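Coordinates from model.csv are shown below (CSV, C-alpha atoms and all ligand atoms).
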```csv
chain,number,residue,atom,x,y,z
A,26,MET,CA,74.2,-26.4,-33.8
A,27,ASP,CA,71.5,-26.8,-36.3
A,28,GLN,CA,68.1,-27.6,-34.8
A,29,GLU,CA,67.0,-31.0,-35.7
A,30,ARG,CA,64.3,-31.2,-38.4
A,31,SER,CA,62.4,-34.3,-39.3
A,32,GLU,CA,60.3,-34.6,-42.4
A,33,ILE,CA,56.6,-35.4,-42.1
A,34,SER,CA,56.9,-37.7,-45.1
A,35,GLN,CA,58.9,-40.1,-42.8
A,36,LEU,CA,55.8,-40.6,-40.8
A,37,GLY,CA,53.1,-40.4,-43.4
A,38,GLU,CA,49.6,-39.3,-42.7
A,39,PHE,CA,48.6,-42.1,-40.3
A,40,GLY,CA,51.9,-42.0,-38.5
A,41,LEU,CA,51.4,-38.3,-37.9
A,42,ILE,CA,47.9,-38.8,-36.6
A,43,ASN,CA,49.2,-41.5,-34.3
A,44,ARG,CA,51.9,-39.2,-33.0
A,45,ILE,CA,49.3,-36.5,-32.3
A,46,SER,CA,46.8,-38.8,-30.6
A,47,ASN,CA,49.4,-40.4,-28.4
A,48,ASN,CA,49.9,-37.1,-26.6
A,49,PHE,CA,46.2,-36.5,-25.9
A,50,LYS,CA,44.1,-38.4,-23.3
A,51,LEU,CA,40.3,-38.2,-23.0
A,52,THR,CA,39.3,-36.6,-19.7
A,53,ASN,CA,35.6,-36.1,-19.9
A,54,THR,CA,33.3,-39.0,-19.3
A,55,SER,CA,31.1,-37.9,-22.2
A,56,SER,CA,34.1,-38.4,-24.6
A,57,VAL,CA,33.4,-42.1,-25.4
A,58,VAL,CA,35.7,-42.5,-28.4
A,59,GLY,CA,38.2,-40.0,-29.7
A,60,ILE,CA,40.7,-40.1,-32.5
A,61,GLY,CA,40.9,-43.3,-34.5
A,62,ASP,CA,37.5,-44.1,-35.9
A,63,ASP,CA,35.5,-42.5,-38.8
A,64,ALA,CA,33.8,-40.2,-36.3
A,65,ALA,CA,34.2,-39.3,-32.6
A,66,VAL,CA,31.6,-40.7,-30.3
A,67,ILE,CA,30.1,-38.5,-27.6
A,68,ASP,CA,27.7,-39.5,-24.9
A,69,ALA,CA,24.7,-37.2,-25.4
A,70,GLY,CA,22.3,-38.8,-22.9
A,71,LEU,CA,19.9,-41.1,-24.7
A,72,ASP,CA,21.9,-41.4,-27.9
A,73,PHE,CA,25.5,-41.1,-29.0
A,74,MET,CA,26.4,-38.0,-30.8
A,75,LEU,CA,28.9,-38.5,-33.7
A,76,VAL,CA,31.3,-35.8,-34.9
A,77,SER,CA,33.4,-36.0,-38.0
A,78,THR,CA,35.5,-33.4,-39.9
A,79,ASP,CA,37.0,-33.5,-43.4
A,80,MET,CA,38.8,-30.8,-45.2
A,81,LEU,CA,39.1,-30.5,-49.0
A,82,VAL,CA,42.0,-28.5,-50.4
A,83,GLU,CA,42.2,-27.1,-54.0
A,84,GLY,CA,45.1,-28.7,-55.8
A,85,ILE,CA,45.2,-31.7,-53.4
A,86,HIS,CA,41.6,-33.0,-53.3
A,87,PHE,CA,40.0,-31.3,-56.3
A,88,ASP,CA,41.0,-29.4,-59.4
A,89,LEU,CA,38.7,-26.7,-60.5
A,90,SER,CA,39.8,-27.0,-64.1
A,91,TYR,CA,37.6,-30.1,-64.4
A,92,SER,CA,35.6,-30.2,-61.2
A,93,PRO,CA,32.5,-27.9,-61.3
A,94,ILE,CA,32.5,-26.0,-58.1
A,95,GLN,CA,29.0,-27.0,-57.1
A,96,HIS,CA,30.1,-30.7,-57.2
A,97,VAL,CA,33.0,-29.8,-54.9
A,98,GLY,CA,30.5,-28.4,-52.5
A,99,TYR,CA,28.3,-31.5,-52.7
A,100,LYS,CA,31.2,-33.9,-52.3
A,101,ALA,CA,32.5,-32.0,-49.2
A,102,VAL,CA,29.2,-32.7,-47.5
A,103,ALA,CA,28.9,-36.3,-48.8
A,104,VAL,CA,32.3,-37.4,-47.5
A,105,ASN,CA,31.4,-36.2,-44.0
A,106,VAL,CA,27.9,-37.8,-44.1
A,107,SER,CA,29.8,-41.0,-45.2
A,108,ASP,CA,31.9,-41.0,-42.1
A,109,ILE,CA,28.8,-40.7,-39.9
A,110,ALA,CA,27.2,-43.5,-41.9
A,111,ALA,CA,30.3,-45.6,-41.2
A,112,MET,CA,29.4,-45.5,-37.5
A,113,ASN,CA,25.9,-46.7,-38.4
A,114,GLY,CA,24.6,-43.3,-37.6
A,115,LYS,CA,22.6,-40.5,-39.3
A,116,ALA,CA,24.1,-37.0,-40.0
A,117,GLU,CA,21.8,-34.2,-38.8
A,118,GLN,CA,23.9,-31.0,-38.9
A,119,ILE,CA,26.9,-29.6,-40.6
A,120,THR,CA,29.1,-26.6,-40.2
A,121,VAL,CA,31.0,-25.3,-43.2
A,122,SER,CA,34.2,-23.3,-43.1
A,123,ILE,CA,35.8,-21.8,-46.2
A,124,ALA,CA,39.0,-20.0,-47.0
A,125,ILE,CA,38.8,-18.2,-50.4
A,126,SER,CA,41.2,-16.1,-52.4
A,127,SER,CA,40.2,-13.0,-54.5
A,128,ARG,CA,40.3,-15.4,-57.5
A,129,PHE,CA,36.8,-16.4,-56.6
A,130,SER,CA,33.7,-14.4,-57.6
A,131,ILE,CA,30.4,-14.2,-55.7
A,132,GLU,CA,28.9,-16.4,-58.4
A,133,ALA,CA,31.5,-19.1,-57.7
A,134,ILE,CA,30.7,-19.1,-54.0
A,135,ASP,CA,27.0,-19.2,-54.8
A,136,ALA,CA,27.6,-22.2,-57.0
A,137,LEU,CA,29.7,-23.9,-54.2
A,138,TYR,CA,26.8,-23.3,-51.8
A,139,GLN,CA,24.2,-24.6,-54.3
A,140,GLY,CA,26.1,-27.9,-54.2
A,141,ILE,CA,26.3,-27.8,-50.4
A,142,GLN,CA,22.5,-27.1,-50.3
A,143,SER,CA,21.7,-29.9,-52.6
A,144,ALA,CA,23.6,-32.3,-50.5
A,145,CYS,CA,21.9,-31.0,-47.3
A,146,THR,CA,18.5,-31.6,-48.9
A,147,ASN,CA,19.5,-35.0,-50.2
A,148,TYR,CA,20.9,-36.3,-46.9
A,149,GLY,CA,18.5,-34.4,-44.6
A,150,VAL,CA,21.1,-32.3,-42.8
A,151,ASP,CA,21.0,-28.7,-41.7
A,152,LEU,CA,23.7,-26.2,-42.2
A,153,VAL,CA,24.1,-24.6,-38.7
A,154,GLY,CA,27.3,-22.6,-38.8
A,155,GLY,CA,30.8,-22.3,-40.1
A,156,ASP,CA,33.5,-19.7,-40.7
A,157,THR,CA,34.7,-17.6,-43.6
A,158,THR,CA,38.2,-16.4,-44.1
A,159,SER,CA,40.6,-15.4,-46.9
A,160,SER,CA,43.4,-17.5,-48.3
A,161,THR,CA,46.5,-16.5,-50.3
A,162,SER,CA,45.7,-19.0,-52.9
A,163,GLY,CA,43.1,-21.5,-53.7
A,164,LEU,CA,40.0,-22.7,-52.0
A,165,VAL,CA,39.8,-24.7,-48.8
A,166,ILE,CA,36.6,-26.2,-47.5
A,167,SER,CA,36.4,-27.8,-44.1
A,168,ILE,CA,33.1,-29.4,-43.1
A,169,THR,CA,32.2,-30.9,-39.7
A,170,ALA,CA,29.2,-33.2,-39.6
A,171,VAL,CA,27.3,-34.0,-36.4
A,172,GLY,CA,25.1,-37.1,-36.3
A,173,ARG,CA,23.3,-39.4,-34.0
A,174,VAL,CA,23.1,-43.1,-33.4
A,175,PRO,CA,21.2,-45.1,-30.7
A,176,LYS,CA,23.8,-46.4,-28.2
A,177,ASP,CA,23.1,-50.1,-29.0
A,178,LYS,CA,23.5,-49.5,-32.7
A,179,VAL,CA,26.9,-47.8,-32.9
A,180,VAL,CA,29.5,-49.7,-35.0
A,181,TYR,CA,33.2,-49.2,-34.6
A,182,ARG,CA,36.2,-50.2,-36.7
A,183,ASN,CA,37.3,-52.5,-33.9
A,184,GLY,CA,34.5,-55.1,-33.6
A,185,ALA,CA,35.4,-57.6,-36.3
A,186,LYS,CA,35.7,-61.2,-35.0
A,187,PRO,CA,37.3,-64.3,-36.6
A,188,ASN,CA,34.9,-65.9,-39.1
A,189,ASP,CA,32.9,-62.7,-39.7
A,190,ILE,CA,32.1,-62.2,-43.3
A,191,LEU,CA,33.7,-59.1,-45.0
A,192,CYS,CA,31.2,-57.1,-47.1
A,193,VAL,CA,31.6,-54.1,-49.5
A,194,THR,CA,28.9,-52.1,-51.2
A,195,GLY,CA,28.7,-50.9,-54.8
A,196,ASP,CA,31.7,-51.2,-57.0
A,197,LEU,CA,35.4,-50.2,-56.5
A,198,GLY,CA,38.1,-48.4,-58.4
A,199,ALA,CA,35.7,-46.3,-60.6
A,200,ALA,CA,36.5,-42.9,-58.9
A,201,PHE,CA,40.2,-43.5,-59.4
A,202,LEU,CA,39.8,-44.3,-63.0
A,203,GLY,CA,37.5,-41.2,-63.4
A,204,LEU,CA,40.5,-39.2,-62.1
A,205,GLN,CA,42.8,-40.8,-64.6
A,206,VAL,CA,40.5,-39.9,-67.4
A,207,LEU,CA,40.1,-36.3,-66.3
A,208,GLU,CA,43.9,-35.9,-65.8
A,209,ARG,CA,44.5,-37.3,-69.3
A,210,GLU,CA,41.9,-34.9,-70.9
A,211,LYS,CA,43.4,-32.0,-69.0
A,212,GLN,CA,46.9,-32.8,-70.4
A,213,VAL,CA,45.4,-33.1,-73.9
A,214,PHE,CA,43.6,-29.8,-73.5
A,215,MET,CA,46.7,-28.0,-72.2
A,216,GLU,CA,48.7,-29.2,-75.2
A,217,ASP,CA,46.0,-28.2,-77.7
A,218,PRO,CA,43.1,-26.0,-76.3
A,219,ASN,CA,41.1,-26.7,-79.5
A,220,MET,CA,40.7,-30.4,-78.5
A,221,GLN,CA,37.3,-30.9,-76.8
A,222,PRO,CA,37.3,-33.8,-74.4
A,223,ASP,CA,35.0,-36.7,-75.2
A,224,LEU,CA,33.9,-37.9,-71.8
A,225,GLU,CA,30.6,-39.6,-72.7
A,226,LYS,CA,32.1,-43.0,-72.6
A,227,TYR,CA,33.6,-42.3,-69.2
A,228,GLU,CA,30.5,-40.7,-67.7
A,229,TYR,CA,30.0,-43.2,-65.0
A,230,LEU,CA,33.6,-43.1,-63.9
A,231,VAL,CA,33.9,-39.3,-63.9
A,232,GLY,CA,30.6,-39.2,-62.0
A,233,ARG,CA,31.9,-41.5,-59.3
A,234,LEU,CA,34.8,-39.1,-58.7
A,235,LEU,CA,33.0,-35.8,-58.9
A,236,LYS,CA,29.6,-36.8,-57.6
A,237,ALA,CA,30.5,-39.0,-54.7
A,238,GLU,CA,27.5,-40.2,-52.6
A,239,ALA,CA,27.4,-41.4,-49.0
A,240,ARG,CA,25.8,-44.9,-48.7
A,241,THR,CA,23.1,-43.8,-46.2
A,242,ASP,CA,20.7,-46.1,-48.0
A,243,ILE,CA,22.8,-49.1,-46.8
A,244,VAL,CA,22.7,-48.0,-43.2
A,245,SER,CA,18.9,-48.0,-43.2
A,246,GLU,CA,18.6,-51.2,-45.3
A,247,LEU,CA,20.8,-53.1,-42.8
A,248,LEU,CA,18.7,-51.8,-40.0
A,249,ASP,CA,15.5,-53.0,-41.8
A,250,ALA,CA,17.1,-56.4,-42.4
A,251,GLY,CA,17.9,-56.7,-38.7
A,252,VAL,CA,21.7,-56.8,-39.4
A,253,LYS,CA,24.1,-54.9,-37.1
A,254,PRO,CA,27.6,-55.0,-38.6
A,255,THR,CA,30.3,-56.1,-36.2
A,256,SER,CA,32.7,-53.4,-37.7
A,257,MET,CA,32.4,-50.8,-40.4
A,258,ILE,CA,34.5,-48.1,-42.2
A,259,ASP,CA,33.8,-46.0,-45.3
A,260,LEU,CA,36.2,-46.6,-48.2
A,261,SER,CA,38.1,-43.4,-48.7
A,262,ASP,CA,41.7,-44.5,-48.8
A,263,GLY,CA,41.2,-47.6,-50.9
A,264,LEU,CA,40.0,-51.2,-50.1
A,265,ALA,CA,43.5,-52.5,-49.1
A,266,SER,CA,44.4,-49.6,-46.9
A,267,ASP,CA,41.0,-49.6,-45.2
A,268,ILE,CA,41.2,-53.3,-44.6
A,269,PHE,CA,44.4,-52.6,-42.7
A,270,HIS,CA,42.6,-50.0,-40.6
A,271,VAL,CA,39.9,-52.5,-39.6
A,272,SER,CA,42.4,-55.3,-39.2
A,273,ARG,CA,44.5,-53.2,-36.8
A,274,ALA,CA,41.6,-51.9,-34.8
A,275,SER,CA,39.9,-55.3,-34.5
A,276,GLY,CA,43.0,-57.5,-34.1
A,277,VAL,CA,42.0,-59.8,-36.9
A,278,GLY,CA,43.3,-60.5,-40.3
A,279,PHE,CA,41.3,-60.7,-43.6
A,280,ARG,CA,41.3,-63.1,-46.5
A,281,ILE,CA,39.7,-61.7,-49.6
A,282,TYR,CA,39.0,-63.3,-53.0
A,283,ASP,CA,39.9,-61.5,-56.2
A,284,ASP,CA,36.9,-62.8,-58.1
A,285,LYS,CA,34.5,-61.4,-55.4
A,286,ILE,CA,35.7,-57.8,-55.6
A,287,PRO,CA,33.1,-55.8,-57.4
A,288,ILE,CA,34.4,-53.9,-60.5
A,289,ASP,CA,32.1,-52.1,-62.9
A,290,THR,CA,32.5,-53.0,-66.6
A,291,ALA,CA,33.4,-49.4,-67.5
A,292,ALA,CA,36.1,-49.4,-64.8
A,293,TYR,CA,37.5,-52.7,-66.0
A,294,GLU,CA,37.7,-51.6,-69.6
A,295,THR,CA,39.1,-48.2,-68.8
A,296,ALA,CA,41.8,-49.7,-66.6
A,297,ILE,CA,42.9,-51.9,-69.5
A,298,GLU,CA,42.9,-48.9,-71.8
A,299,PHE,CA,45.2,-47.1,-69.3
A,300,LYS,CA,47.4,-50.3,-69.1
A,301,LEU,CA,46.5,-50.6,-65.4
A,302,ASP,CA,45.4,-53.7,-63.6
A,303,PRO,CA,41.7,-53.4,-62.8
A,304,LEU,CA,42.1,-55.3,-59.6
A,305,THR,CA,44.9,-53.0,-58.4
A,306,CYS,CA,42.6,-50.0,-59.2
A,307,ALA,CA,39.9,-51.6,-57.1
A,308,LEU,CA,42.3,-52.4,-54.2
A,309,ASN,CA,44.2,-49.1,-54.1
A,310,GLY,CA,42.2,-46.5,-55.9
A,311,GLY,CA,40.4,-44.8,-53.1
A,312,GLU,CA,37.6,-42.1,-53.0
A,313,ASP,CA,34.9,-44.7,-53.6
A,314,TYR,CA,33.0,-43.8,-50.5
A,315,GLU,CA,31.4,-47.2,-50.4
A,316,LEU,CA,30.9,-48.9,-47.0
A,317,MET,CA,33.0,-51.9,-45.9
A,318,PHE,CA,31.7,-53.9,-43.0
A,319,THR,CA,31.9,-57.3,-41.3
A,320,ILE,CA,28.9,-59.3,-40.2
A,321,ASN,CA,28.3,-62.3,-38.1
A,322,LYS,CA,28.1,-65.4,-40.3
A,323,GLU,CA,24.5,-66.1,-39.2
A,324,ASP,CA,23.4,-62.7,-40.6
A,325,GLN,CA,24.6,-63.4,-44.1
A,326,GLU,CA,21.3,-65.1,-45.0
A,327,LYS,CA,19.4,-61.9,-44.2
A,328,ILE,CA,21.2,-59.8,-46.9
A,329,LYS,CA,22.4,-62.5,-49.3
A,330,ASN,CA,20.0,-61.2,-52.1
A,331,HIS,CA,20.9,-57.6,-51.7
A,332,PRO,CA,22.0,-56.5,-55.1
A,333,ASP,CA,24.6,-54.0,-53.9
A,334,ILE,CA,26.2,-55.8,-51.0
A,335,HIS,CA,29.1,-58.1,-51.9
A,336,PHE,CA,30.7,-60.8,-49.7
A,337,ILE,CA,34.4,-60.5,-50.5
A,338,GLY,CA,36.1,-62.5,-47.8
A,339,TYR,CA,36.3,-63.3,-44.1
A,340,ALA,CA,38.2,-62.4,-40.9
A,341,HIS,CA,40.5,-64.8,-39.2
A,342,GLU,CA,42.7,-64.9,-36.0
A,343,ARG,CA,46.0,-64.1,-37.6
A,344,LYS,CA,46.0,-60.4,-37.4
A,345,ASP,CA,49.1,-59.9,-39.5
A,346,GLU,CA,47.8,-61.9,-42.4
A,347,ASN,CA,45.8,-59.7,-44.7
A,348,VAL,CA,45.8,-61.6,-48.0
A,349,LEU,CA,44.2,-61.8,-51.4
A,350,VAL,CA,43.4,-65.2,-52.8
A,351,THR,CA,43.5,-65.4,-56.6
A,352,LYS,CA,41.3,-67.5,-58.9
A,353,GLN,CA,44.3,-69.8,-59.4
A,354,GLY,CA,44.6,-70.2,-55.6
A,355,ASN,CA,47.7,-68.1,-55.1
A,356,ILE,CA,47.8,-66.1,-51.9
A,357,VAL,CA,49.2,-62.6,-52.2
A,358,PRO,CA,49.8,-60.3,-49.2
A,359,LEU,CA,47.8,-57.1,-49.4
A,360,ARG,CA,49.7,-53.9,-49.4
A,361,ALA,CA,48.2,-50.6,-48.2
A,362,GLN,CA,49.0,-48.0,-50.7
A,363,GLY,CA,46.1,-45.7,-50.3
A,364,TRP,CA,46.3,-42.1,-51.4
A,365,ASP,CA,48.8,-40.7,-49.0
A,366,HIS,CA,49.2,-37.0,-49.8
A,367,PHE,CA,52.4,-36.7,-47.7
A,368,ARG,CA,54.2,-39.3,-49.8
A,369,SER,CA,53.2,-38.2,-53.2
B,1,LIG,P1,38.6,-40.7,-42.5
B,1,LIG,O1,39.3,-41.1,-43.7
B,1,LIG,O2,37.5,-41.7,-42.0
B,1,LIG,O3,38.0,-39.3,-42.6
B,1,LIG,P2,41.0,-40.0,-41.3
B,1,LIG,O4,42.0,-41.0,-41.8
B,1,LIG,O5,41.0,-38.6,-41.9
B,1,LIG,O6,39.6,-40.6,-41.2
B,1,LIG,O7,41.3,-39.8,-39.7
B,1,LIG,C1,41.5,-40.9,-38.9
B,1,LIG,C2,41.3,-40.4,-37.4
B,1,LIG,O8,42.2,-39.4,-37.1
B,1,LIG,C3,39.9,-39.8,-37.2
B,1,LIG,O9,39.5,-40.2,-35.9
B,1,LIG,C4,40.2,-38.3,-37.2
B,1,LIG,O10,39.3,-37.5,-36.4
B,1,LIG,C5,41.6,-38.2,-36.6
B,1,LIG,N1,42.4,-37.1,-37.1
B,1,LIG,C6,42.9,-36.8,-38.3
B,1,LIG,N2,43.7,-35.7,-38.4
B,1,LIG,C7,43.7,-35.3,-37.1
B,1,LIG,C8,44.4,-34.2,-36.5
B,1,LIG,N3,45.1,-33.3,-37.2
B,1,LIG,N4,44.2,-34.0,-35.1
B,1,LIG,C9,43.5,-34.8,-34.4
B,1,LIG,N5,42.8,-35.9,-34.9
B,1,LIG,C10,42.9,-36.1,-36.2
B,2,MG,MG,36.1,-42.7,-43.0
```
Please, can you express the file's structure as structure tokens?
Ligand code: ADP
Ligand code: MG
Amino acid sequence: MDQERSEISQLGEFGLINRISNNFKLTNTSSVVGIGDDAAVIDAGLDFMLVSTDMLVEGIHFDLSYSPIQHVGYKAVAVNVSDIAAMNGKAEQITVSIAISSRFSIEAIDALYQGIQSACTNYGVDLVGGDTTSSTSGLVISITAVGRVPKDKVVYRNGAKPNDILCVTGDLGAAFLGLQVLEREKQVFMEDPNMQPDLEKYEYLVGRLLKAEARTDIVSELLDAGVKPTSMIDLSDGLASDIFHVSRASGVGFRIYDDKIPIDTAAYETAIEFKLDPLTCALNGGEDYELMFTINKEDQEKIKNHPDIHFIGYAHERKDENVLVTKQGNIVPLRAQGWDHFRS
């Protein structure tokens, strides 16, 4: 009889992670939180230590035909620092593991590490180790970040309470539109290599994709303002998908307002040019690496004038009701369609 074979695509990325985590229990008292948040939380005595890993794979997460390799190095660090920031912590060390094929020259690897170094300097983290191996094709970069947070300052995905205000930083959807622009230019170039791409108009969008930054500034500004979020996550999968993560973890639902969702003018105009709905790009685009957090209503006053923090909605008791309220007053259920590599 044929052995049974089930496709991973039936589960999706998050189903697969759940399946893995169900089979593992934490046994050490120092393992405070394991799988399921932006970073693992480890009791390190006075403080909590935070550990997060992210892997970037050529052809899945980046395309070297339009991503300068030093930007790939920078981003690989930034996305890990972002996960530590999402726990309200500060990254202090990273390890970097790479798998490279013979396609890559010493100069290319130098450039990759220039990007890594520039991110280390920018975020104040030290490169303390890693691993180097060969791959049959393409480049794989896996980075682990280690960070720290005082025990009373750690913020999880699971702390949102009914009536908390939902906040996002920066603007959303721009990285996704930057990707659309680059993919289009790549197609044009492949059809006619004499065509030179004109990216000036799209500089902001392309920059948002290729030069992602972690919002470590927000973590310290919230601390200075005396605001400890009740829950937090970094926006990697897309606003809608990440709302579901916090909703599920916290046992609350969210109501968000379409006219409160921050969309940059360039993103708005480019979405229209691509015949895409700007709001859908902001809800489902992903890769923004902004922070999304909830705060106690009483704290809203303390950050209400912050130019880069937007109040987009609130939490309520009905955990299965995650909805978007339109300007016309229509209520539309949110759908989580983040970037799911297993389904694409
Ligand atoms: P993020 O987008 O914040 O980086 P992920 O969606 O990648 O988070 O991961 C969600 C959680 O699942 C994290 O706690 C992560 O450590 C864990 N995780 C992801 N893949 C695996 C795996 N293969 N084995 C164990 N844990 C995993
Ligand atoms: Mg994250």
Counting all atoms listed in the file, name the residues that have an atom within 8 Å of an atom of ligand LIG 1 (chain B); the answer should be given as a PyMOL selection string. chain A and resi 38-39+42-43+45-46+59-65+77-79+104-105+108+258-262
Using only C-alpha atoms, determine which residues lie at most 10 Å from Leu264 in chain A, disregarding the query and same-chain residues fewer than 5 positions distant; provide the list as a PyMOL selection string. chain A and resi 193+197-198+259+269-270+286+305-313+315-317+359+361-363
Using only C-alpha atoms, determine which residues lie at most 12 Å from Ser256 in chain A, disregarding the query and same-chain residues fewer than 4 positions distant; provide the list as a ChimeraX atom specification. /A:62-63,111-113,178-187,189-193,252,267-268,270-277,316-321,340
When you look at Ser245 in chain A with a cut-off of 12 Å (counting all atoms listed in the file), what residues show up, excluding the ones that are within fewer than 2 positions of it in the same chain? I need them as a PyMOL selection string. chain A and resi 110-111+113-115+174+178+240-243+247-253
Choose the residue, out of A:His335, A:Phe279, A:Arg44, A:Ser31, that has the smallest atom-to-atom separation from Thr194 in chain A; count only C-alpha atoms.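 Going through A:His335, A:Phe279, A:Arg44, A:Ser31 one by one, the smallest distance to Thr194 in chain A is for A:His335.
Ranking A:Tyr339, A:Tyr99, A:Tyr314, A:Phe87 by their shortest atom-to-atom distance to ligand MG 2 (chain B), with all atoms listed in the file included, puts A:Tyr314 first.
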Pick from A:Ile109, A:Leu301, A:Gly40, A:Ile337 nearest to ligand MG 2 (chain B), counting all atoms listed in the file: A:Ile109
Neighbour list for range 151-157 of chain A as a PyMOL selection string, cut-off 8 Å, all atoms listed in the file, skip fewer than 4 positions in-chain: chain A and resi 117-125+145
With C-alpha atoms retained, export the selected residues as a PDB file, in the coordinates of the input.
```
ATOM      1  CA  GLU A 117      21.800 -34.200 -38.800  1.00  0.00           C
ATOM      2  CA  GLN A 118      23.900 -31.000 -38.900  1.00  0.00           C
ATOM      3  CA  ILE A 119      26.900 -29.600 -40.600  1.00  0.00           C
ATOM      4  CA  THR A 120      29.100 -26.600 -40.200  1.00  0.00           C
ATOM      5  CA  VAL A 121      31.000 -25.300 -43.200  1.00  0.00           C
ATOM      6  CA  SER A 122      34.200 -23.300 -43.100  1.00  0.00           C
ATOM      7  CA  ILE A 123      35.800 -21.800 -46.200  1.00  0.00           C
ATOM      8  CA  ALA A 124      39.000 -20.000 -47.000  1.00  0.00           C
ATOM      9  CA  ILE A 125      38.800 -18.200 -50.400  1.00  0.00           C
ATOM     10  CA  CYS A 145      21.900 -31.000 -47.300  1.00  0.00           C
TER      11      CYS A 145
END
```
Point out the residue among A:Gly263, A:Thr161, A:His96, A:Leu349 with the least atom-to-atom distance to ligand MG 2 (chain B), counting all atoms listed in the file. A:Gly263
Atomic distance CA of Asp333 in chain A - CA of Pro287 in chain A, expressed in Å with one decimal: 9.4 Å
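Of the residues under consideration (A:Val57, A:Val171, A:Pro93, A:Asp68), A:Val171 shows the shortest atom-to-atom contact distance to Ala116 in chain A when counting only C-alpha atoms.
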Which of these residues is nearest to Arg233 in chain A, using all atoms listed in the file: A:Asp217, A:Asp88, A:Glu29, A:Asp289?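 With all atoms listed in the file as the atom set, the closest residue is A:Asp289.
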At a cut-off of 10 Å, using all atoms listed in the file, what residues contact Val231 in chain A? Leave out same-chain residues fewer than 4 positions from it and give the result as a list in words. Tyr91, Ser92, Ala199, Ala200, Phe201, Leu202, Gly203, Leu204, Gln205, Val206, Leu207, Leu224, Glu225, Lys226, Tyr227, Leu235, Lys236 and Ala237 of chain A
Now that the selection is made, can you save its residues with C-alpha atoms as an mmCIF file, in the frame of the given file?
```cif
data_model
loop_
_atom_site.group_PDB
_atom_site.id
_atom_site.type_symbol
_atom_site.label_atom_id
_atom_site.label_comp_id
_atom_site.auth_asym_id
_atom_site.auth_seq_id
_atom_site.Cartn_x
_atom_site.Cartn_y
_atom_site.Cartn_z
ATOM 1 C CA TYR A 91 37.600 -30.100 -64.400
ATOM 2 C CA SER A 92 35.600 -30.200 -61.200
ATOM 3 C CA ALA A 199 35.700 -46.300 -60.600
ATOM 4 C CA ALA A 200 36.500 -42.900 -58.900
ATOM 5 C CA PHE A 201 40.200 -43.500 -59.400
ATOM 6 C CA LEU A 202 39.800 -44.300 -63.000
ATOM 7 C CA GLY A 203 37.500 -41.200 -63.400
ATOM 8 C CA LEU A 204 40.500 -39.200 -62.100
ATOM 9 C CA GLN A 205 42.800 -40.800 -64.600
ATOM 10 C CA VAL A 206 40.500 -39.900 -67.400
ATOM 11 C CA LEU A 207 40.100 -36.300 -66.300
ATOM 12 C CA LEU A 224 33.900 -37.900 -71.800
ATOM 13 C CA GLU A 225 30.600 -39.600 -72.700
ATOM 14 C CA LYS A 226 32.100 -43.000 -72.600
ATOM 15 C CA TYR A 227 33.600 -42.300 -69.200
ATOM 16 C CA LEU A 235 33.000 -35.800 -58.900
ATOM 17 C CA LYS A 236 29.600 -36.800 -57.600
ATOM 18 C CA ALA A 237 30.500 -39.000 -54.700
#
```
Work out how far apart CA of Gln221 in chain A and CA of Asp302 in chain A are and give it in Å to one decimal.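 We find that CA of Gln221 in chain A and CA of Asp302 in chain A lie 27.6 Å from each other.
With CA of Val357 in chain A on one side and CA of His341 in chain A on the other, the separation reads 15.8 Å.
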Counting all atoms listed in the file, which residues have an atom no more than 12 Å from (33.2, -38.9, -21.8) in the file's coordinates? Please list them as a VMD selection string. chain A and resid 50 to 59 65 to 70 73 to 74
